file my_file-v3.txt (compact mmCIF, C-alpha atoms)
# COMPACT_ATOMS: atom_id res chain seq x y z
CA MET B 30 0.00 0.00 0.00
CA GLY B 31 2.92 2.35 0.51
CA LYS B 32 3.58 4.96 3.18
CA THR B 33 1.71 8.24 3.70
CA PHE B 34 3.55 11.51 4.23
CA VAL B 35 2.41 15.06 4.91
CA MET B 36 4.39 18.13 3.87
CA GLY B 37 4.25 21.77 4.92
CA ASP B 38 4.44 24.96 2.86
CA MET B 39 7.29 24.93 0.30
CA HIS B 40 6.87 28.36 -1.36
CA GLY B 41 8.70 27.63 -4.59
CA ALA B 42 11.66 25.94 -2.92
CA TYR B 43 12.15 23.06 -5.34
CA ARG B 44 15.58 22.18 -3.97
CA ALA B 45 14.10 21.75 -0.49
CA LEU B 46 11.29 19.63 -1.92
CA ARG B 47 13.78 17.32 -3.60
CA GLN B 48 15.83 17.01 -0.42
CA CYS B 49 12.78 15.94 1.59
CA LEU B 50 11.70 13.43 -1.03
CA ASP B 51 15.23 12.02 -1.35
CA ARG B 52 15.89 11.86 2.40
CA SER B 53 12.62 10.04 3.03
CA ALA B 54 13.32 7.58 0.18
CA PHE B 55 9.88 8.54 -1.15
CA ASP B 56 8.41 6.05 -3.63
CA TYR B 57 6.76 8.08 -6.41
CA LYS B 58 4.54 5.18 -7.45
CA HIS B 59 3.38 3.65 -4.16
CA ASP B 60 3.72 6.26 -1.41
CA ARG B 61 1.17 9.02 -0.83
CA LEU B 62 2.12 12.66 -0.31
CA ILE B 63 -0.37 15.09 1.19
CA CYS B 64 0.72 18.67 0.53
CA LEU B 65 -0.83 21.21 2.88
CA GLY B 66 -0.68 24.02 0.32
CA ASP B 67 1.42 27.04 -0.58
CA VAL B 68 3.42 25.25 -3.23
CA CYS B 69 3.88 28.71 -4.76
CA ASP B 70 5.52 32.07 -4.17
CA GLY B 71 8.75 33.30 -2.66
CA TRP B 72 11.61 31.15 -3.88
CA PRO B 73 12.24 31.05 -7.65
CA GLU B 74 11.15 27.52 -8.62
CA THR B 75 7.37 27.24 -8.33
CA ARG B 76 7.19 25.77 -11.82
CA ALA B 77 9.77 23.09 -10.95
CA CYS B 78 7.88 22.27 -7.73
CA VAL B 79 4.70 21.65 -9.69
CA GLU B 80 6.52 19.53 -12.27
CA GLU B 81 8.00 17.39 -9.50
CA LEU B 82 4.68 16.97 -7.70
CA LEU B 83 3.01 15.95 -10.97
CA ARG B 84 5.37 12.96 -11.05
CA ILE B 85 3.84 11.60 -7.84
CA LYS B 86 1.10 9.12 -8.61
CA ARG B 87 -0.62 9.34 -5.21
CA LEU B 88 -0.56 13.08 -4.54
CA THR B 89 -3.19 14.95 -2.54
CA LEU B 90 -2.92 18.73 -2.85
CA ILE B 91 -4.66 21.01 -0.37
CA LEU B 92 -5.26 24.54 -1.63
CA GLY B 93 -3.22 27.23 0.15
CA ASN B 94 -3.86 30.96 0.05
CA HIS B 95 -0.83 31.48 -2.21
CA ASP B 96 -2.02 28.67 -4.48
CA PHE B 97 -5.43 30.41 -4.61
CA TRP B 98 -3.80 33.61 -5.87
CA THR B 99 -1.66 31.69 -8.35
CA ARG B 100 -4.64 29.74 -9.65
CA GLN B 101 -6.57 32.97 -10.04
CA TRP B 102 -3.77 34.42 -12.15
CA MET B 103 -3.35 31.26 -14.20
CA ILE B 104 -7.05 31.11 -15.06
CA THR B 105 -8.02 34.78 -15.36
CA GLY B 106 -4.76 36.69 -15.75
CA TYR B 107 -5.56 38.79 -12.68
CA ILE B 108 -2.54 39.79 -10.59
CA ASN B 109 -3.43 40.47 -6.97
CA ASP B 110 -1.20 43.27 -5.66
CA ILE B 111 -0.73 41.63 -2.26
CA TRP B 112 0.14 38.34 -3.96
CA TYR B 113 2.68 40.08 -6.20
CA ASP B 114 4.41 41.62 -3.18
CA GLN B 115 4.28 38.46 -1.07
CA GLY B 116 6.11 36.14 -3.43
CA GLY B 117 3.92 36.18 -6.52
CA LEU B 118 6.57 37.95 -8.58
CA ALA B 119 8.85 34.91 -8.25
CA THR B 120 6.02 32.67 -9.43
CA LEU B 121 5.34 34.92 -12.43
CA GLN B 122 9.02 34.84 -13.34
CA SER B 123 9.14 31.05 -13.09
CA TYR B 124 6.41 30.94 -15.77
CA ASP B 125 7.95 33.58 -18.02
CA ASP B 126 7.54 31.31 -21.04
CA GLY B 127 3.89 30.44 -20.35
CA VAL B 128 1.77 28.20 -18.14
CA PRO B 129 1.30 24.57 -19.21
CA ASP B 130 -2.29 23.32 -19.19
CA SER B 131 -1.22 20.55 -16.80
CA HIS B 132 -0.26 23.19 -14.23
CA ARG B 133 -3.62 24.95 -14.48
CA ALA B 134 -5.29 21.58 -13.99
CA PHE B 135 -3.02 20.86 -11.03
CA PHE B 136 -4.30 23.88 -9.12
CA ARG B 137 -7.89 23.48 -10.29
CA LYS B 138 -7.96 20.04 -8.65
CA ALA B 139 -6.62 21.26 -5.29
CA LEU B 140 -8.91 20.40 -2.37
CA PRO B 141 -10.20 22.75 0.36
CA TYR B 142 -9.36 20.03 2.88
CA TYR B 143 -8.80 16.28 2.99
CA LEU B 144 -10.32 13.91 5.52
CA ARG B 145 -9.00 10.39 5.90
CA GLN B 146 -9.76 7.97 8.74
CA ASN B 147 -10.78 10.89 10.97
CA LYS B 148 -7.49 12.65 10.25
CA LEU B 149 -7.98 16.13 8.81
CA PHE B 150 -5.55 17.94 6.53
CA VAL B 151 -6.18 21.64 5.80
CA HIS B 152 -3.99 24.60 4.92
CA ALA B 153 -4.79 27.19 7.58
CA GLY B 154 -7.48 26.13 10.01
CA ILE B 155 -11.06 25.32 10.88
CA ASP B 156 -13.71 26.30 13.38
CA PRO B 157 -13.90 23.25 15.67
CA MET B 158 -17.45 24.21 16.68
CA LEU B 159 -18.89 23.93 13.15
CA PRO B 160 -19.24 20.99 10.73
CA LEU B 161 -16.77 21.28 7.85
CA ARG B 162 -19.61 21.59 5.33
CA ARG B 163 -20.74 24.82 7.01
CA GLN B 164 -17.32 26.49 6.87
CA ASP B 165 -16.16 28.70 4.03
CA GLU B 166 -13.03 28.85 1.94
CA ASP B 167 -11.61 31.83 3.82
CA MET B 168 -11.50 29.75 7.00
CA PHE B 169 -9.58 26.95 5.30
CA LEU B 170 -7.17 29.35 3.55
CA TRP B 171 -6.53 32.04 6.15
CA ASP B 172 -7.69 31.45 9.72
CA ARG B 173 -4.95 31.04 12.33
CA SER B 174 -7.07 30.62 15.47
CA LEU B 175 -6.70 26.85 15.76
CA ALA B 176 -2.99 27.01 14.96
CA LYS B 177 -2.39 29.65 17.64
CA GLU B 178 -4.31 27.61 20.19
CA ALA B 179 -2.27 24.53 19.31
CA MET B 180 0.96 26.54 19.64
CA ASP B 181 -0.13 27.67 23.09
CA ARG B 182 -0.89 24.07 24.08
CA PHE B 183 2.55 23.02 22.87
CA ALA B 184 4.36 25.90 24.60
CA HIS B 185 2.71 25.25 27.96
CA ASN B 186 2.42 21.46 27.68
CA ILE B 187 -1.37 21.61 28.09
CA PRO B 188 -3.11 18.27 27.44
CA GLY B 189 -6.52 17.76 25.89
CA LYS B 190 -8.16 17.82 22.49
CA LEU B 191 -9.07 20.86 20.42
CA THR B 192 -11.30 19.22 17.81
CA SER B 193 -13.38 16.12 17.19
CA PHE B 194 -10.73 14.67 14.86
CA ASP B 195 -8.11 12.13 15.86
CA GLU B 196 -5.38 14.21 14.22
CA VAL B 197 -5.31 17.56 12.42
CA TYR B 198 -2.46 18.72 10.17
CA LEU B 199 -2.04 22.44 9.40
CA GLY B 200 0.33 24.56 7.34
CA HIS B 201 0.15 28.35 6.87
CA THR B 202 1.24 29.44 10.35
CA GLY B 203 4.97 29.34 10.94
CA THR B 204 5.97 28.24 14.42
CA GLY B 205 9.59 29.34 14.60
CA TYR B 206 10.68 25.72 15.04
CA LEU B 207 12.73 23.76 12.52
CA HIS B 208 10.56 20.67 13.02
CA PRO B 209 6.80 20.07 13.21
CA ILE B 210 5.23 20.61 16.63
CA GLN B 211 2.07 19.16 18.19
CA GLY B 212 -0.49 20.82 20.44
CA GLY B 213 -3.28 18.47 21.46
CA GLU B 214 -4.06 16.45 18.35
CA VAL B 215 -3.02 19.30 16.04
CA TRP B 216 0.25 19.08 14.12
CA LEU B 217 1.77 22.32 12.80
CA MET B 218 3.83 21.57 9.70
CA ASP B 219 4.97 25.01 8.50
CA THR B 220 8.62 25.14 9.55
CA GLY B 221 9.48 28.34 7.74
CA ALA B 222 10.51 27.22 4.26
CA GLY B 223 8.97 30.40 2.87
CA TRP B 224 11.32 32.50 4.96
CA SER B 225 14.61 31.41 6.58
CA GLY B 226 13.56 27.99 7.89
CA VAL B 227 13.35 24.49 6.46
CA LEU B 228 10.80 22.38 4.62
CA SER B 229 9.43 19.45 6.64
CA MET B 230 7.83 16.19 5.62
CA MET B 231 6.47 13.62 8.07
CA ASN B 232 5.36 10.00 7.92
CA ILE B 233 1.89 10.23 9.49
CA GLU B 234 2.03 6.69 10.85
CA THR B 235 5.47 6.67 12.47
CA LYS B 236 5.82 10.47 12.90
CA GLU B 237 9.35 10.26 11.49
CA VAL B 238 10.32 13.69 10.15
CA PHE B 239 12.49 14.56 7.16
CA THR B 240 13.71 18.12 6.70
CA SER B 241 15.60 20.08 4.10
CA ASP B 242 18.59 22.27 4.70
CA ALA B 243 17.80 25.88 5.60
CA VAL B 244 16.18 27.14 2.42
CA PRO B 245 18.25 30.35 2.06
CA ASP B 246 21.35 28.15 2.01
CA LEU B 247 19.88 26.31 -0.97
CA TYR B 248 19.41 29.58 -2.87
CA PRO B 249 22.54 31.62 -2.10
CA GLY B 250 22.35 35.21 -3.27
CA ILE B 251 18.58 35.03 -3.82
CA ILE B 252 16.12 36.93 -1.67
CA GLY B 253 12.84 35.11 -1.09
CA ARG B 254 9.76 36.65 0.45
CA VAL B 255 10.19 39.94 2.28
CA LYS B 256 8.30 40.47 5.50
CA ARG B 257 6.17 43.57 5.65
CA ALA B 258 7.04 46.24 8.20
call {"tool": "encode", "arguments": {"input": "my_file-v3.txt", "output": "structure tokens"}}
result
Amino acid sequence: MGKTFVMGDMHGAYRALRQCLDRSAFDYKHDRLICLGDVCDGWPETRACVEELLRIKRLTLILGNHDFWTRQWMITGYINDIWYDQGGLATLQSYDDGVPDSHRAFFRKALPYYLRQNKLFVHAGIDPMLPLRRQDEDMFLWDRSLAKEAMDRFAHNIPGKLTSFDEVYLGHTGTGYLHPIQGGEVWLMDTGAGWSGVLSMMNIETKEVFTSDAVPDLYPGIIGRVKRA
């Protein structure tokens, strides 16, 4: 059946993606990879990231807010100013010779969330008090409330569950740690690949973690995303 892995936000860092796949001995045919979104924006190789992910037979892509902006541009041509400033320029430059139809289809097929054996995978967060069917896309793409609560649980070693799910995996909210952290049943997988951190990938059964080198070291002389003042 193969193994199942989950991966945090990569933000165009193809070299970090390849390191995680290589270091985990990922099997492109039999293993499953669940990407929590934000494949795009920041580092210069969004196109290469998509090409690599398209090679994976059992890929599940969750839509991230940066993927939403990229998909919007790919389909309509609209360039969101915030997106452009927050890494979108690098994505535009990676597609300077055009967007393949397979890449448009890749983002069109991205899921708002993925639920498997009472384990939930979503980019940003959910409202634990509402059924998923009653929650909107903005919650899944942007909300940090659950992530912040999980970070507080982790920081203060507070036990207890936050949701009705057995496990929840989130990206979007960087933790400042160079490895995934867990608060309650919530795993936070964004380890800062979009900034100065690393990309992380975890076997969801064994919880073994595979990380890249610090992403700026993989792109010497290149400035990724710039934090707003």
call {"tool": "closest_residue", "arguments": {"input": "my_file-v3.txt", "among": "B:Ala139, B:Ile187, B:Met39, B:Met230", "to": "B:His208", "atoms": "only C-alpha atoms"}}
result
B:Met230
call {"tool": "residues_around", "arguments": {"input": "my_file-v3.txt", "residues": "B:Gly93", "least_positions_apart": "6", "cutoff": "12 Å", "atoms": "only C-alpha atoms", "output": "ChimeraX atom specification"}}
result
/B:37-40,64-70,99-100,136,139-142,150-154,166-172,199-202,219
call {"tool": "closest_residue", "arguments": {"input": "my_file-v3.txt", "among": "B:Leu159, B:Ala243, B:Ile233, B:Leu46", "to": "B:Thr33", "atoms": "only C-alpha atoms"}}
result
B:Ile233
call {"tool": "atom_distance", "arguments": {"input": "my_file-v3.txt", "atom1": "atom CA of B:Cys49", "atom2": "atom CA of B:Leu92"}}
result
20.2 Å
call {"tool": "closest_residue", "arguments": {"input": "my_file-v3.txt", "among": "B:Asp110, B:Asp130, B:Glu178, B:Asp195", "to": "B:Gln146", "atoms": "all atoms listed in the file"}}
result
B:Asp195
call {"tool": "residues_near_point", "arguments": {"input": "my_file-v3.txt", "point": "(0.0, 14.3, -3.7)", "cutoff": "8 Å", "atoms": "all atoms listed in the file", "output": "VMD selection string"}}
result
chain B and resid 61 to 64 82 85 to 90
call {"tool": "atom_distance", "arguments": {"input": "my_file-v3.txt", "atom1": "atom CA of B:Val215", "atom2": "atom CA of B:Leu161"}}
result
16.1 Å
call {"tool": "residues_near_point", "arguments": {"input": "my_file-v3.txt", "point": "(-10.8, 22.4, 21.5)", "cutoff": "9 Å", "atoms": "all atoms listed in the file", "output": "list of chain:residue names"}}
result
B:Pro157, B:Met158, B:Leu175, B:Glu178, B:Gly189, B:Lys190, B:Leu191, B:Thr192, B:Ser193, B:Gly213
call {"tool": "atom_distance", "arguments": {"input": "my_file-v3.txt", "atom1": "atom CA of B:Leu50", "atom2": "atom CA of B:Ser225"}}
result
19.7 Å
call {"tool": "closest_residue", "arguments": {"input": "my_file-v3.txt", "among": "B:Tyr107, B:Tyr198, B:Tyr206, B:Trp98", "to": "B:Lys148", "atoms": "all atoms listed in the file"}}
result
B:Tyr198
call {"tool": "residues_around", "arguments": {"input": "my_file-v3.txt", "residues": "stretch 114-127 of chain B", "least_positions_apart": "4", "cutoff": "6 Å", "atoms": "only C-alpha atoms", "output": "tab-separated table (two decimals) with C-alpha atoms, in the coordinates of the input"}}
result
chain	number	residue	atom	x	y	z
B	70	ASP	CA	5.52	32.07	-4.17
B	71	GLY	CA	8.75	33.30	-2.66
B	73	PRO	CA	12.24	31.05	-7.65
B	75	THR	CA	7.37	27.24	-8.33
B	76	ARG	CA	7.19	25.77	-11.82
B	254	ARG	CA	9.76	36.65	0.45
call {"tool": "closest_residue", "arguments": {"input": "my_file-v3.txt", "among": "B:Met30, B:Asp246, B:Leu83, B:Tyr113", "to": "B:His95", "atoms": "only C-alpha atoms"}}
result
B:Tyr113
call {"tool": "residues_around", "arguments": {"input": "my_file-v3.txt", "residues": "B:Ala45", "least_positions_apart": "3", "cutoff": "8 Å", "atoms": "all atoms listed in the file", "output": "list in words"}}
result
Met39, Ala42, Gln48, Cys49, Val227, Leu228, Ser241, Asp242, Val244 and Leu247 of chain B
call {"tool": "closest_residue", "arguments": {"input": "my_file-v3.txt", "among": "B:Gln211, B:Thr105, B:Thr240, B:Thr220", "to": "B:Ser53", "atoms": "all atoms listed in the file"}}
result
B:Thr240
call {"tool": "residues_around", "arguments": {"input": "my_file-v3.txt", "residues": "B:Thr235", "least_positions_apart": "4", "cutoff": "12 Å", "atoms": "all atoms listed in the file", "output": "list in words"}}
result
Lys32, Thr33, Phe34, Val35, Met230, Met231 and Phe239 of chain B
call {"tool": "build_atoms", "arguments": {"input": "my_file-v3.txt", "residues": "stretch 133-166 of chain B", "atoms": "N, CA and C atoms", "output": "PDB file, keeping the file's coordinate frame"}}
result
ATOM      1  N   ARG B 133      -2.292  24.391 -14.799  1.00  0.00           N
ATOM      2  CA  ARG B 133      -3.620  24.950 -14.480  1.00  0.00           C
ATOM      3  C   ARG B 133      -4.508  23.863 -13.884  1.00  0.00           C
ATOM      4  N   ALA B 134      -4.475  22.697 -14.485  1.00  0.00           N
ATOM      5  CA  ALA B 134      -5.290  21.580 -13.990  1.00  0.00           C
ATOM      6  C   ALA B 134      -4.857  21.166 -12.596  1.00  0.00           C
ATOM      7  N   PHE B 135      -3.570  21.208 -12.343  1.00  0.00           N
ATOM      8  CA  PHE B 135      -3.020  20.860 -11.030  1.00  0.00           C
ATOM      9  C   PHE B 135      -3.663  21.696  -9.937  1.00  0.00           C
ATOM     10  N   PHE B 136      -3.722  23.000 -10.137  1.00  0.00           N
ATOM     11  CA  PHE B 136      -4.300  23.880  -9.120  1.00  0.00           C
ATOM     12  C   PHE B 136      -5.825  23.848  -9.109  1.00  0.00           C
ATOM     13  N   ARG B 137      -6.436  23.615 -10.260  1.00  0.00           N
ATOM     14  CA  ARG B 137      -7.890  23.480 -10.290  1.00  0.00           C
ATOM     15  C   ARG B 137      -8.369  22.310  -9.429  1.00  0.00           C
ATOM     16  N   LYS B 138      -7.572  21.262  -9.371  1.00  0.00           N
ATOM     17  CA  LYS B 138      -7.960  20.040  -8.650  1.00  0.00           C
ATOM     18  C   LYS B 138      -7.645  20.097  -7.160  1.00  0.00           C
ATOM     19  N   ALA B 139      -6.991  21.160  -6.713  1.00  0.00           N
ATOM     20  CA  ALA B 139      -6.620  21.260  -5.290  1.00  0.00           C
ATOM     21  C   ALA B 139      -7.869  21.246  -4.419  1.00  0.00           C
ATOM     22  N   LEU B 140      -7.773  20.589  -3.267  1.00  0.00           N
ATOM     23  CA  LEU B 140      -8.910  20.400  -2.370  1.00  0.00           C
ATOM     24  C   LEU B 140      -8.933  21.465  -1.271  1.00  0.00           C
ATOM     25  N   PRO B 141     -10.130  21.831  -0.776  1.00  0.00           N
ATOM     26  CA  PRO B 141     -10.200  22.750   0.360  1.00  0.00           C
ATOM     27  C   PRO B 141      -9.695  22.110   1.655  1.00  0.00           C
ATOM     28  N   TYR B 142      -9.873  20.820   1.758  1.00  0.00           N
ATOM     29  CA  TYR B 142      -9.360  20.030   2.880  1.00  0.00           C
ATOM     30  C   TYR B 142      -9.432  18.563   2.473  1.00  0.00           C
ATOM     31  N   TYR B 143      -8.789  17.712   3.266  1.00  0.00           N
ATOM     32  CA  TYR B 143      -8.800  16.280   2.990  1.00  0.00           C
ATOM     33  C   TYR B 143      -9.023  15.558   4.304  1.00  0.00           C
ATOM     34  N   LEU B 144      -9.977  14.665   4.317  1.00  0.00           N
ATOM     35  CA  LEU B 144     -10.320  13.910   5.520  1.00  0.00           C
ATOM     36  C   LEU B 144     -10.127  12.436   5.241  1.00  0.00           C
ATOM     37  N   ARG B 145      -9.314  11.797   6.090  1.00  0.00           N
ATOM     38  CA  ARG B 145      -9.000  10.390   5.900  1.00  0.00           C
ATOM     39  C   ARG B 145      -8.908   9.710   7.255  1.00  0.00           C
ATOM     40  N   GLN B 146      -9.777   8.740   7.497  1.00  0.00           N
ATOM     41  CA  GLN B 146      -9.760   7.970   8.740  1.00  0.00           C
ATOM     42  C   GLN B 146      -9.761   8.882   9.967  1.00  0.00           C
ATOM     43  N   ASN B 147     -10.615   9.879   9.920  1.00  0.00           N
ATOM     44  CA  ASN B 147     -10.780  10.890  10.970  1.00  0.00           C
ATOM     45  C   ASN B 147      -9.505  11.693  11.232  1.00  0.00           C
ATOM     46  N   LYS B 148      -8.648  11.764  10.221  1.00  0.00           N
ATOM     47  CA  LYS B 148      -7.490  12.650  10.250  1.00  0.00           C
ATOM     48  C   LYS B 148      -7.738  13.749   9.225  1.00  0.00           C
ATOM     49  N   LEU B 149      -7.648  14.994   9.659  1.00  0.00           N
ATOM     50  CA  LEU B 149      -7.980  16.130   8.810  1.00  0.00           C
ATOM     51  C   LEU B 149      -6.711  16.863   8.386  1.00  0.00           C
ATOM     52  N   PHE B 150      -6.663  17.194   7.106  1.00  0.00           N
ATOM     53  CA  PHE B 150      -5.550  17.940   6.530  1.00  0.00           C
ATOM     54  C   PHE B 150      -6.131  19.206   5.888  1.00  0.00           C
ATOM     55  N   VAL B 151      -5.663  20.374   6.317  1.00  0.00           N
ATOM     56  CA  VAL B 151      -6.180  21.640   5.800  1.00  0.00           C
ATOM     57  C   VAL B 151      -5.058  22.666   5.858  1.00  0.00           C
ATOM     58  N   HIS B 152      -5.111  23.659   4.985  1.00  0.00           N
ATOM     59  CA  HIS B 152      -3.990  24.600   4.920  1.00  0.00           C
ATOM     60  C   HIS B 152      -3.872  25.452   6.170  1.00  0.00           C
ATOM     61  N   ALA B 153      -4.909  26.209   6.498  1.00  0.00           N
ATOM     62  CA  ALA B 153      -4.790  27.190   7.580  1.00  0.00           C
ATOM     63  C   ALA B 153      -5.473  26.760   8.861  1.00  0.00           C
ATOM     64  N   GLY B 154      -6.769  26.475   8.787  1.00  0.00           N
ATOM     65  CA  GLY B 154      -7.480  26.130  10.010  1.00  0.00           C
ATOM     66  C   GLY B 154      -8.949  25.849   9.787  1.00  0.00           C
ATOM     67  N   ILE B 155      -9.621  25.572  10.872  1.00  0.00           N
ATOM     68  CA  ILE B 155     -11.060  25.320  10.880  1.00  0.00           C
ATOM     69  C   ILE B 155     -11.647  25.927  12.145  1.00  0.00           C
ATOM     70  N   ASP B 156     -12.972  25.995  12.158  1.00  0.00           N
ATOM     71  CA  ASP B 156     -13.710  26.300  13.380  1.00  0.00           C
ATOM     72  C   ASP B 156     -14.138  24.974  13.984  1.00  0.00           C
ATOM     73  N   PRO B 157     -13.572  24.559  15.102  1.00  0.00           N
ATOM     74  CA  PRO B 157     -13.900  23.250  15.670  1.00  0.00           C
ATOM     75  C   PRO B 157     -15.367  23.110  16.102  1.00  0.00           C
ATOM     76  N   MET B 158     -16.065  24.235  16.214  1.00  0.00           N
ATOM     77  CA  MET B 158     -17.450  24.210  16.680  1.00  0.00           C
ATOM     78  C   MET B 158     -18.457  24.008  15.546  1.00  0.00           C
ATOM     79  N   LEU B 159     -17.992  24.046  14.299  1.00  0.00           N
ATOM     80  CA  LEU B 159     -18.890  23.930  13.150  1.00  0.00           C
ATOM     81  C   LEU B 159     -18.538  22.712  12.301  1.00  0.00           C
ATOM     82  N   PRO B 160     -19.538  22.040  11.703  1.00  0.00           N
ATOM     83  CA  PRO B 160     -19.240  20.990  10.730  1.00  0.00           C
ATOM     84  C   PRO B 160     -18.459  21.577   9.551  1.00  0.00           C
ATOM     85  N   LEU B 161     -17.583  20.786   8.963  1.00  0.00           N
ATOM     86  CA  LEU B 161     -16.770  21.280   7.850  1.00  0.00           C
ATOM     87  C   LEU B 161     -17.629  21.816   6.712  1.00  0.00           C
ATOM     88  N   ARG B 162     -18.771  21.177   6.456  1.00  0.00           N
ATOM     89  CA  ARG B 162     -19.610  21.590   5.330  1.00  0.00           C
ATOM     90  C   ARG B 162     -20.196  22.982   5.512  1.00  0.00           C
ATOM     91  N   ARG B 163     -20.183  23.492   6.739  1.00  0.00           N
ATOM     92  CA  ARG B 163     -20.740  24.820   7.010  1.00  0.00           C
ATOM     93  C   ARG B 163     -19.651  25.895   7.093  1.00  0.00           C
ATOM     94  N   GLN B 164     -18.417  25.535   6.800  1.00  0.00           N
ATOM     95  CA  GLN B 164     -17.320  26.490   6.870  1.00  0.00           C
ATOM     96  C   GLN B 164     -16.924  26.933   5.456  1.00  0.00           C
ATOM     97  N   ASP B 165     -16.454  28.162   5.360  1.00  0.00           N
ATOM     98  CA  ASP B 165     -16.160  28.700   4.030  1.00  0.00           C
ATOM     99  C   ASP B 165     -14.680  28.631   3.699  1.00  0.00           C
ATOM    100  N   GLU B 166     -14.390  28.964   2.456  1.00  0.00           N
ATOM    101  CA  GLU B 166     -13.030  28.850   1.940  1.00  0.00           C
ATOM    102  C   GLU B 166     -12.058  29.744   2.690  1.00  0.00           C
TER     103      GLU B 166
END
